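See structure below.
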Amino acid sequence: MEKQVRPDWTEYFLDIARAVGRRSTCLRRRYGAIIVKDKIIISTGYNGAPRGQANCIDTGVCERERLHVPKGQNYELCVAVHAEQNAIINADPVKMKGATIYVVGVNADGTLASGRPCLLCRRMLTNAMLAEAVYEEPDGRVVHIAPGDIMD
C-alpha cells in the first residue's frame with residue numbers, strides 16, 4: 001500500500017479558498033478567500049455583487065470586460081465586492097486580529113490569476129489587523145507577506 005501524501009497547511013487552505021471561489025458570480029475572474037487563525041477557518045468570501053443586487057452571471061454583462069478594462073483598473077465600474085472584502089465583512093473582528101488570509105483567483109478560461117490583493121483590499125486587510133496574506137501567482141508561486149508589504 002502506498003503512503004498517502006497529505007497537503008501541508010498552506011496547500012490545504014489555498015485549496016479551500018479555490019473551492020470557495022467557485023461560488024463567485026463574476027464572469028471575468030473567480031476569487032475565493034478564507035481567513036484562518038490557529039488553523040481554524042474564521043470566515044470565507046468570494047467575489048460577487050452585493051446582497052440583493054443582480055450578479056454578472058445572471059445579467060450576462062461584465063462592464064469592465066465589455067470596455068476591455070485591464071486588471072487592476074477602474075474598479076468603480078464593477079458591481080462586485082471582492083473576495084477579501086466579503087471574508088472580512090463575514091468575520092468576527094476580534095478573531096481576525098493576527099490571522100492569515102488565503103486568496104486564490106482563477107480566470108474565466110480556467111488559468112490561475114494573481115491572488116495578490118488590490119490596493120483597496122490591502123488597506124482593508126491591514127485595518128482588520130490581519131498578520132499575513134497568502135496567495136498564488138499565475139506561475140504557481142505561493143507568496144506569504146504582511147498586507148502592508150504588498151506592492152504593485
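Chain lettering (A, B, ...) mirrors the order of the C-alpha cells, residue numbering begins at 1 for each chain separately, and ligand numbering begins at 1 in order of display.
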Which residues of range 102-131 of chain A come within 9 Å of range 60-83 of chain A, and what is each one's closest atom pair and distance in Å (one decimal), counting only C-alpha atoms, sorted by chain and residue number, as CSV?
residue,atom,partner,partner_atom,distance
A:Val103,CA,A:Ala83,CA,7.9
A:Cys118,CA,A:Gly72,CA,6.9
A:Leu119,CA,A:Gly72,CA,8.8
A:Cys121,CA,A:His82,CA,7.7
For range 131-136 of chain A, list every protein, DNA or RNA residue within 6 Å, evaluated using only C-alpha atoms, and leave out those in the same chain fewer than 5 positions away; present the list as a list in words.
->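 Final neighbour list, sorted by chain and number: Gly98, Ala99, Thr100, Ile101, Tyr102, Val103, Val104, Gly115, Arg141, Val142, Val143, His144, Ile145, Ala146 and Pro147 of chain A.
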Residues as selected, N, CA and C atoms, written as a PDB file, in the first residue's frame, can you do that?
ATOM      1  N   GLY A  98      -4.424  39.248  13.913  1.00  0.00           N
ATOM      2  CA  GLY A  98      -3.304  38.324  13.829  1.00  0.00           C
ATOM      3  C   GLY A  98      -3.529  37.121  12.937  1.00  0.00           C
ATOM      4  N   ALA A  99      -4.667  37.064  12.254  1.00  0.00           N
ATOM      5  CA  ALA A  99      -4.999  35.922  11.399  1.00  0.00           C
ATOM      6  C   ALA A  99      -4.321  36.033  10.029  1.00  0.00           C
ATOM      7  N   THR A 100      -4.512  35.007   9.220  1.00  0.00           N
ATOM      8  CA  THR A 100      -3.971  34.930   7.863  1.00  0.00           C
ATOM      9  C   THR A 100      -5.121  34.823   6.887  1.00  0.00           C
ATOM     10  N   ILE A 101      -5.015  35.523   5.759  1.00  0.00           N
ATOM     11  CA  ILE A 101      -5.995  35.374   4.691  1.00  0.00           C
ATOM     12  C   ILE A 101      -5.322  34.645   3.532  1.00  0.00           C
ATOM     13  N   TYR A 102      -6.022  33.668   2.973  1.00  0.00           N
ATOM     14  CA  TYR A 102      -5.566  32.909   1.807  1.00  0.00           C
ATOM     15  C   TYR A 102      -6.459  33.308   0.642  1.00  0.00           C
ATOM     16  N   VAL A 103      -5.834  33.656  -0.499  1.00  0.00           N
ATOM     17  CA  VAL A 103      -6.589  34.144  -1.653  1.00  0.00           C
ATOM     18  C   VAL A 103      -6.162  33.397  -2.912  1.00  0.00           C
ATOM     19  N   VAL A 104      -7.151  32.936  -3.678  1.00  0.00           N
ATOM     20  CA  VAL A 104      -6.883  32.271  -4.955  1.00  0.00           C
ATOM     21  C   VAL A 104      -7.802  32.879  -6.003  1.00  0.00           C
ATOM     22  N   GLY A 115      -3.489  36.171  -7.156  1.00  0.00           N
ATOM     23  CA  GLY A 115      -4.309  36.345  -5.966  1.00  0.00           C
ATOM     24  C   GLY A 115      -3.894  37.551  -5.138  1.00  0.00           C
ATOM     25  N   ARG A 141       3.654  30.144  -8.048  1.00  0.00           N
ATOM     26  CA  ARG A 141       4.407  30.555  -6.857  1.00  0.00           C
ATOM     27  C   ARG A 141       3.438  30.984  -5.765  1.00  0.00           C
ATOM     28  N   VAL A 142       3.712  30.581  -4.532  1.00  0.00           N
ATOM     29  CA  VAL A 142       2.897  30.958  -3.381  1.00  0.00           C
ATOM     30  C   VAL A 142       3.634  32.053  -2.606  1.00  0.00           C
ATOM     31  N   VAL A 143       2.933  33.150  -2.360  1.00  0.00           N
ATOM     32  CA  VAL A 143       3.521  34.303  -1.670  1.00  0.00           C
ATOM     33  C   VAL A 143       2.945  34.388  -0.265  1.00  0.00           C
ATOM     34  N   HIS A 144       3.821  34.553   0.719  1.00  0.00           N
ATOM     35  CA  HIS A 144       3.454  34.806   2.123  1.00  0.00           C
ATOM     36  C   HIS A 144       3.973  36.199   2.445  1.00  0.00           C
ATOM     37  N   ILE A 145       3.084  37.125   2.821  1.00  0.00           N
ATOM     38  CA  ILE A 145       3.519  38.509   3.012  1.00  0.00           C
ATOM     39  C   ILE A 145       2.565  39.247   3.950  1.00  0.00           C
ATOM     40  N   ALA A 146       3.088  40.218   4.682  1.00  0.00           N
ATOM     41  CA  ALA A 146       2.240  41.073   5.505  1.00  0.00           C
ATOM     42  C   ALA A 146       1.445  41.974   4.560  1.00  0.00           C
ATOM     43  N   PRO A 147       0.154  42.203   4.828  1.00  0.00           N
ATOM     44  CA  PRO A 147      -0.657  43.012   3.915  1.00  0.00           C
ATOM     45  C   PRO A 147      -0.049  44.383   3.590  1.00  0.00           C
TER      46      PRO A 147
END
Helix (DSSP H, G or I) per DSSP on the backbone: members of chain A, as a short mmCIF file (atom, residue, chain, number, x, y, z; two decimals) with N, CA, C and O atoms, in the first residue's frame:
data_model
loop_
_atom_site.label_atom_id
_atom_site.label_comp_id
_atom_site.auth_asym_id
_atom_site.auth_seq_id
_atom_site.Cartn_x
_atom_site.Cartn_y
_atom_site.Cartn_z
N TRP A 9 -0.34 22.71 5.40
CA TRP A 9 -1.42 23.63 5.77
C TRP A 9 -1.66 24.70 4.71
O TRP A 9 -2.81 25.05 4.42
N THR A 10 -0.59 25.23 4.13
CA THR A 10 -0.75 26.27 3.11
C THR A 10 -1.52 25.72 1.91
O THR A 10 -2.49 26.33 1.44
N GLU A 11 -1.11 24.58 1.41
CA GLU A 11 -1.79 23.97 0.26
C GLU A 11 -3.25 23.66 0.60
O GLU A 11 -4.15 23.89 -0.21
N TYR A 12 -3.47 23.15 1.80
CA TYR A 12 -4.82 22.82 2.25
C TYR A 12 -5.73 24.05 2.24
O TYR A 12 -6.83 24.03 1.68
N PHE A 13 -5.25 25.16 2.84
CA PHE A 13 -6.08 26.36 2.91
C PHE A 13 -6.24 27.03 1.55
O PHE A 13 -7.30 27.57 1.24
N LEU A 14 -5.21 26.98 0.69
CA LEU A 14 -5.35 27.52 -0.66
C LEU A 14 -6.37 26.69 -1.45
O LEU A 14 -7.15 27.25 -2.23
N ASP A 15 -6.37 25.37 -1.25
CA ASP A 15 -7.36 24.52 -1.93
C ASP A 15 -8.79 24.90 -1.50
O ASP A 15 -9.71 24.93 -2.31
N ILE A 16 -8.96 25.18 -0.22
CA ILE A 16 -10.28 25.58 0.27
C ILE A 16 -10.67 26.94 -0.31
O ILE A 16 -11.81 27.14 -0.73
N ALA A 17 -9.73 27.88 -0.36
CA ALA A 17 -10.01 29.20 -0.96
C ALA A 17 -10.42 29.04 -2.42
O ALA A 17 -11.33 29.72 -2.90
N ARG A 18 -9.74 28.14 -3.13
CA ARG A 18 -10.09 27.88 -4.53
C ARG A 18 -11.52 27.35 -4.63
O ARG A 18 -12.29 27.77 -5.49
N ALA A 19 -11.90 26.45 -3.74
CA ALA A 19 -13.27 25.90 -3.73
C ALA A 19 -14.28 26.99 -3.42
O ALA A 19 -15.35 27.05 -4.05
N VAL A 20 -13.97 27.86 -2.48
CA VAL A 20 -14.87 28.98 -2.14
C VAL A 20 -15.08 29.86 -3.38
O VAL A 20 -16.19 30.31 -3.66
N GLY A 21 -14.02 30.09 -4.13
CA GLY A 21 -14.10 30.92 -5.33
C GLY A 21 -15.03 30.37 -6.39
O GLY A 21 -15.52 31.12 -7.25
N CYS A 56 -23.40 39.42 -12.18
CA CYS A 56 -22.96 39.41 -13.58
C CYS A 56 -23.32 38.10 -14.28
O CYS A 56 -23.69 38.10 -15.45
N ILE A 57 -23.21 36.98 -13.57
CA ILE A 57 -23.55 35.70 -14.21
C ILE A 57 -25.04 35.63 -14.54
O ILE A 57 -25.43 34.87 -15.42
N ASP A 58 -25.86 36.43 -13.84
CA ASP A 58 -27.30 36.45 -14.13
C ASP A 58 -27.65 37.43 -15.25
O ASP A 58 -28.51 37.14 -16.07
N THR A 59 -26.97 38.58 -15.28
CA THR A 59 -27.24 39.58 -16.31
C THR A 59 -26.50 39.27 -17.61
O THR A 59 -26.89 39.74 -18.67
N GLU A 63 -19.22 44.79 -17.11
CA GLU A 63 -18.95 46.12 -17.66
C GLU A 63 -17.46 46.32 -17.93
O GLU A 63 -17.09 46.88 -18.96
N ARG A 64 -16.61 45.87 -17.05
CA ARG A 64 -15.17 46.04 -17.26
C ARG A 64 -14.69 45.21 -18.45
O ARG A 64 -13.84 45.65 -19.21
N GLU A 65 -15.24 44.03 -18.61
CA GLU A 65 -14.87 43.19 -19.76
C GLU A 65 -15.38 43.82 -21.06
O GLU A 65 -14.67 43.88 -22.06
N ARG A 66 -16.62 44.33 -21.02
CA ARG A 66 -17.20 44.96 -22.20
C ARG A 66 -16.36 46.14 -22.67
O ARG A 66 -16.19 46.36 -23.87
N TYR A 75 -11.96 49.91 -10.95
CA TYR A 75 -12.80 49.03 -10.15
C TYR A 75 -14.20 49.61 -9.93
O TYR A 75 -15.15 48.87 -9.69
N GLU A 76 -14.32 50.92 -10.02
CA GLU A 76 -15.63 51.54 -9.78
C GLU A 76 -16.66 51.13 -10.83
O GLU A 76 -17.86 51.27 -10.61
N LEU A 77 -16.22 50.58 -11.95
CA LEU A 77 -17.14 50.11 -12.99
C LEU A 77 -17.72 48.73 -12.65
O LEU A 77 -18.70 48.31 -13.26
N ALA A 83 -13.49 39.19 -2.92
CA ALA A 83 -13.50 38.04 -2.02
C ALA A 83 -12.92 38.40 -0.65
O ALA A 83 -13.48 38.02 0.38
N GLU A 84 -11.81 39.14 -0.65
CA GLU A 84 -11.18 39.53 0.62
C GLU A 84 -12.13 40.41 1.44
O GLU A 84 -12.23 40.26 2.66
N GLN A 85 -12.81 41.32 0.76
CA GLN A 85 -13.75 42.22 1.44
C GLN A 85 -14.90 41.42 2.05
O GLN A 85 -15.29 41.65 3.20
N ASN A 86 -15.44 40.47 1.29
CA ASN A 86 -16.54 39.64 1.81
C ASN A 86 -16.08 38.79 2.99
O ASN A 86 -16.82 38.60 3.95
N ALA A 87 -14.86 38.26 2.92
CA ALA A 87 -14.34 37.47 4.04
C ALA A 87 -14.23 38.34 5.30
O ALA A 87 -14.58 37.90 6.40
N ILE A 88 -13.78 39.57 5.15
CA ILE A 88 -13.68 40.49 6.29
C ILE A 88 -15.07 40.84 6.82
O ILE A 88 -15.30 40.81 8.03
N ILE A 89 -15.98 41.14 5.93
CA ILE A 89 -17.35 41.51 6.33
C ILE A 89 -18.01 40.38 7.12
O ILE A 89 -18.74 40.62 8.08
N PRO A 93 -14.46 40.56 14.13
CA PRO A 93 -13.25 41.39 14.19
C PRO A 93 -12.24 40.94 15.23
O PRO A 93 -11.03 41.01 15.00
N VAL A 94 -12.69 40.45 16.34
CA VAL A 94 -11.77 40.02 17.40
C VAL A 94 -10.96 38.81 16.94
O VAL A 94 -9.76 38.72 17.20
N LYS A 95 -11.60 37.89 16.24
CA LYS A 95 -10.92 36.68 15.78
C LYS A 95 -9.95 36.96 14.63
O LYS A 95 -9.01 36.21 14.41
N MET A 96 -10.18 38.05 13.89
CA MET A 96 -9.31 38.36 12.75
C MET A 96 -7.94 38.88 13.15
O MET A 96 -6.97 38.73 12.41
N LEU A 119 -5.09 47.33 -4.03
CA LEU A 119 -4.76 48.37 -3.06
C LEU A 119 -5.86 48.56 -2.02
O LEU A 119 -5.59 48.64 -0.82
N LEU A 120 -7.11 48.62 -2.44
CA LEU A 120 -8.21 48.80 -1.50
C LEU A 120 -8.31 47.62 -0.54
O LEU A 120 -8.47 47.79 0.67
N CYS A 121 -8.19 46.41 -1.06
CA CYS A 121 -8.25 45.22 -0.20
C CYS A 121 -7.07 45.19 0.77
O CYS A 121 -7.23 44.81 1.93
N ARG A 122 -5.89 45.59 0.31
CA ARG A 122 -4.72 45.64 1.21
C ARG A 122 -4.99 46.57 2.37
O ARG A 122 -4.64 46.26 3.52
N ARG A 123 -5.62 47.70 2.10
CA ARG A 123 -5.95 48.63 3.18
C ARG A 123 -6.92 47.98 4.15
O ARG A 123 -6.79 48.12 5.37
N MET A 124 -7.90 47.29 3.62
CA MET A 124 -8.89 46.63 4.48
C MET A 124 -8.25 45.51 5.30
O MET A 124 -8.58 45.34 6.49
N LEU A 125 -7.35 44.74 4.71
CA LEU A 125 -6.66 43.66 5.43
C LEU A 125 -5.83 44.23 6.57
O LEU A 125 -5.81 43.68 7.68
N THR A 126 -5.16 45.34 6.29
CA THR A 126 -4.35 46.00 7.33
C THR A 126 -5.25 46.52 8.43
O THR A 126 -4.97 46.34 9.63
N ASN A 127 -6.35 47.15 8.06
CA ASN A 127 -7.27 47.72 9.04
C ASN A 127 -7.95 46.63 9.88
O ASN A 127 -8.26 46.85 11.05
N PRO A 147 0.15 42.20 4.83
CA PRO A 147 -0.66 43.01 3.92
C PRO A 147 -0.05 44.38 3.59
O PRO A 147 -0.10 44.82 2.45
N GLY A 148 0.56 45.02 4.56
CA GLY A 148 1.16 46.32 4.33
C GLY A 148 2.41 46.31 3.47
O GLY A 148 2.85 47.34 2.99
N ASP A 149 2.97 45.12 3.24
CA ASP A 149 4.19 44.99 2.44
C ASP A 149 3.90 44.61 0.98
O ASP A 149 4.83 44.50 0.18
#
Near range 106-114 of chain A, within 9 Å and counting only C-alpha atoms, which residues show up once chain neighbours fewer than 2 positions away are dropped, as a PyMOL selection string?
-> chain A and resi 18+21-22+26-32+103-104+116-117+135-140
What is the distance, in Å and to one decimal place, between CA of Ala128 in chain A and CA of Ile34 in chain A?
-> 13.6 Å
Measure the distance from CA of Thr25 in chain A to CA of Met151 in chain A in Å and round it to one decimal.
-> 27.0 Å
Looking only at strand (DSSP E) from DSSP on the backbone, list the matching residues of range 2-63 of chain A as JSON, numbers by chain.
-> {"A": [29, 30, 31, 32, 33, 34, 35, 36, 37, 40, 41, 42, 43, 44, 45, 46]}
Based on the selection just made, write all heavy atoms of those residues as a compact mmCIF listing (two decimals), in the first residue's frame.
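Everything below was put into selection11.txt:
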# COMPACT_ATOMS: atom_id res chain seq x y z
N ARG A 29 -13.34 36.82 -13.55
CA ARG A 29 -12.43 36.07 -12.67
C ARG A 29 -13.18 35.61 -11.43
O ARG A 29 -14.01 36.33 -10.90
CB ARG A 29 -11.24 36.93 -12.24
CG ARG A 29 -10.28 37.20 -13.35
CD ARG A 29 -9.05 37.95 -12.86
NE ARG A 29 -8.25 38.33 -14.01
CZ ARG A 29 -8.45 39.42 -14.73
NH1 ARG A 29 -9.37 40.28 -14.37
NH2 ARG A 29 -7.70 39.69 -15.77
N ARG A 30 -12.82 34.43 -10.96
CA ARG A 30 -13.43 33.89 -9.75
C ARG A 30 -12.37 33.88 -8.65
O ARG A 30 -11.35 33.23 -8.79
CB ARG A 30 -13.94 32.47 -9.98
CG ARG A 30 -15.06 32.42 -10.99
CD ARG A 30 -15.45 30.98 -11.29
NE ARG A 30 -16.57 30.96 -12.20
CZ ARG A 30 -17.82 30.79 -11.81
NH1 ARG A 30 -18.11 30.61 -10.55
NH2 ARG A 30 -18.79 30.80 -12.70
N TYR A 31 -12.65 34.63 -7.59
CA TYR A 31 -11.74 34.69 -6.45
C TYR A 31 -12.40 34.10 -5.22
O TYR A 31 -13.59 34.30 -4.99
CB TYR A 31 -11.34 36.14 -6.15
CG TYR A 31 -10.28 36.66 -7.07
CD1 TYR A 31 -10.61 37.30 -8.26
CD2 TYR A 31 -8.93 36.50 -6.77
CE1 TYR A 31 -9.64 37.77 -9.11
CE2 TYR A 31 -7.94 36.97 -7.61
CZ TYR A 31 -8.30 37.61 -8.79
OH TYR A 31 -7.33 38.06 -9.63
N GLY A 32 -11.60 33.40 -4.44
CA GLY A 32 -12.05 32.90 -3.16
C GLY A 32 -11.03 33.30 -2.10
O GLY A 32 -9.83 33.37 -2.38
N ALA A 33 -11.51 33.58 -0.91
CA ALA A 33 -10.64 33.96 0.20
C ALA A 33 -11.14 33.31 1.48
O ALA A 33 -12.35 33.17 1.67
CB ALA A 33 -10.61 35.48 0.36
N ILE A 34 -10.20 32.90 2.31
CA ILE A 34 -10.57 32.41 3.64
C ILE A 34 -9.64 33.06 4.66
O ILE A 34 -8.47 33.31 4.37
CB ILE A 34 -10.52 30.87 3.75
CG1 ILE A 34 -9.11 30.32 3.56
CG2 ILE A 34 -11.49 30.23 2.77
CD1 ILE A 34 -8.99 28.85 3.91
N ILE A 35 -10.19 33.35 5.81
CA ILE A 35 -9.41 33.90 6.91
C ILE A 35 -9.25 32.78 7.94
O ILE A 35 -10.24 32.14 8.32
CB ILE A 35 -10.09 35.13 7.52
CG1 ILE A 35 -10.18 36.24 6.46
CG2 ILE A 35 -9.31 35.62 8.75
CD1 ILE A 35 -10.94 37.47 6.91
N VAL A 36 -8.01 32.56 8.35
CA VAL A 36 -7.66 31.44 9.22
C VAL A 36 -6.83 31.94 10.40
O VAL A 36 -5.92 32.75 10.22
CB VAL A 36 -6.85 30.39 8.43
CG1 VAL A 36 -6.38 29.25 9.33
CG2 VAL A 36 -7.64 29.87 7.25
N LYS A 37 -7.15 31.42 11.56
CA LYS A 37 -6.32 31.71 12.75
C LYS A 37 -6.16 30.41 13.53
O LYS A 37 -7.14 29.71 13.77
CB LYS A 37 -6.96 32.78 13.62
CG LYS A 37 -6.05 33.23 14.75
CD LYS A 37 -6.59 34.47 15.41
CE LYS A 37 -5.60 34.98 16.44
NZ LYS A 37 -6.14 36.17 17.10
N ILE A 40 -7.78 27.31 12.19
CA ILE A 40 -9.24 27.25 12.21
C ILE A 40 -9.78 28.31 11.26
O ILE A 40 -9.37 29.48 11.34
CB ILE A 40 -9.79 27.48 13.64
CG1 ILE A 40 -9.31 26.37 14.56
CG2 ILE A 40 -11.31 27.57 13.63
CD1 ILE A 40 -9.57 26.63 16.03
N ILE A 41 -10.68 27.93 10.37
CA ILE A 41 -11.26 28.87 9.43
C ILE A 41 -12.25 29.76 10.16
O ILE A 41 -13.19 29.28 10.79
CB ILE A 41 -11.95 28.14 8.26
CG1 ILE A 41 -10.91 27.33 7.48
CG2 ILE A 41 -12.67 29.13 7.35
CD1 ILE A 41 -11.50 26.39 6.46
N ILE A 42 -12.01 31.06 10.06
CA ILE A 42 -12.86 32.06 10.72
C ILE A 42 -13.95 32.55 9.78
O ILE A 42 -15.07 32.83 10.20
CB ILE A 42 -12.00 33.26 11.17
CG1 ILE A 42 -11.00 32.82 12.24
CG2 ILE A 42 -12.85 34.41 11.66
CD1 ILE A 42 -9.97 33.87 12.55
N SER A 43 -13.60 32.67 8.49
CA SER A 43 -14.53 33.27 7.54
C SER A 43 -14.14 32.90 6.12
O SER A 43 -12.98 32.57 5.86
CB SER A 43 -14.51 34.79 7.71
OG SER A 43 -15.39 35.41 6.81
N THR A 44 -15.11 32.99 5.22
CA THR A 44 -14.85 32.80 3.80
C THR A 44 -15.50 33.93 3.01
O THR A 44 -16.41 34.61 3.52
CB THR A 44 -15.43 31.46 3.28
OG1 THR A 44 -16.85 31.51 3.34
CG2 THR A 44 -14.92 30.29 4.09
N GLY A 45 -15.04 34.14 1.81
CA GLY A 45 -15.65 35.14 0.93
C GLY A 45 -15.29 34.86 -0.51
O GLY A 45 -14.26 34.27 -0.81
N TYR A 46 -16.17 35.26 -1.40
CA TYR A 46 -15.91 35.16 -2.84
C TYR A 46 -16.39 36.45 -3.48
O TYR A 46 -17.18 37.19 -2.89
CB TYR A 46 -16.58 33.93 -3.47
CG TYR A 46 -18.06 33.82 -3.22
CD1 TYR A 46 -18.98 34.48 -4.04
CD2 TYR A 46 -18.55 33.07 -2.17
CE1 TYR A 46 -20.35 34.38 -3.81
CE2 TYR A 46 -19.90 32.96 -1.93
CZ TYR A 46 -20.80 33.61 -2.76
OH TYR A 46 -22.14 33.51 -2.53
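The space between CA of Gly105 in chain A and CA of Ala91 in chain A spans 20.4 Å.
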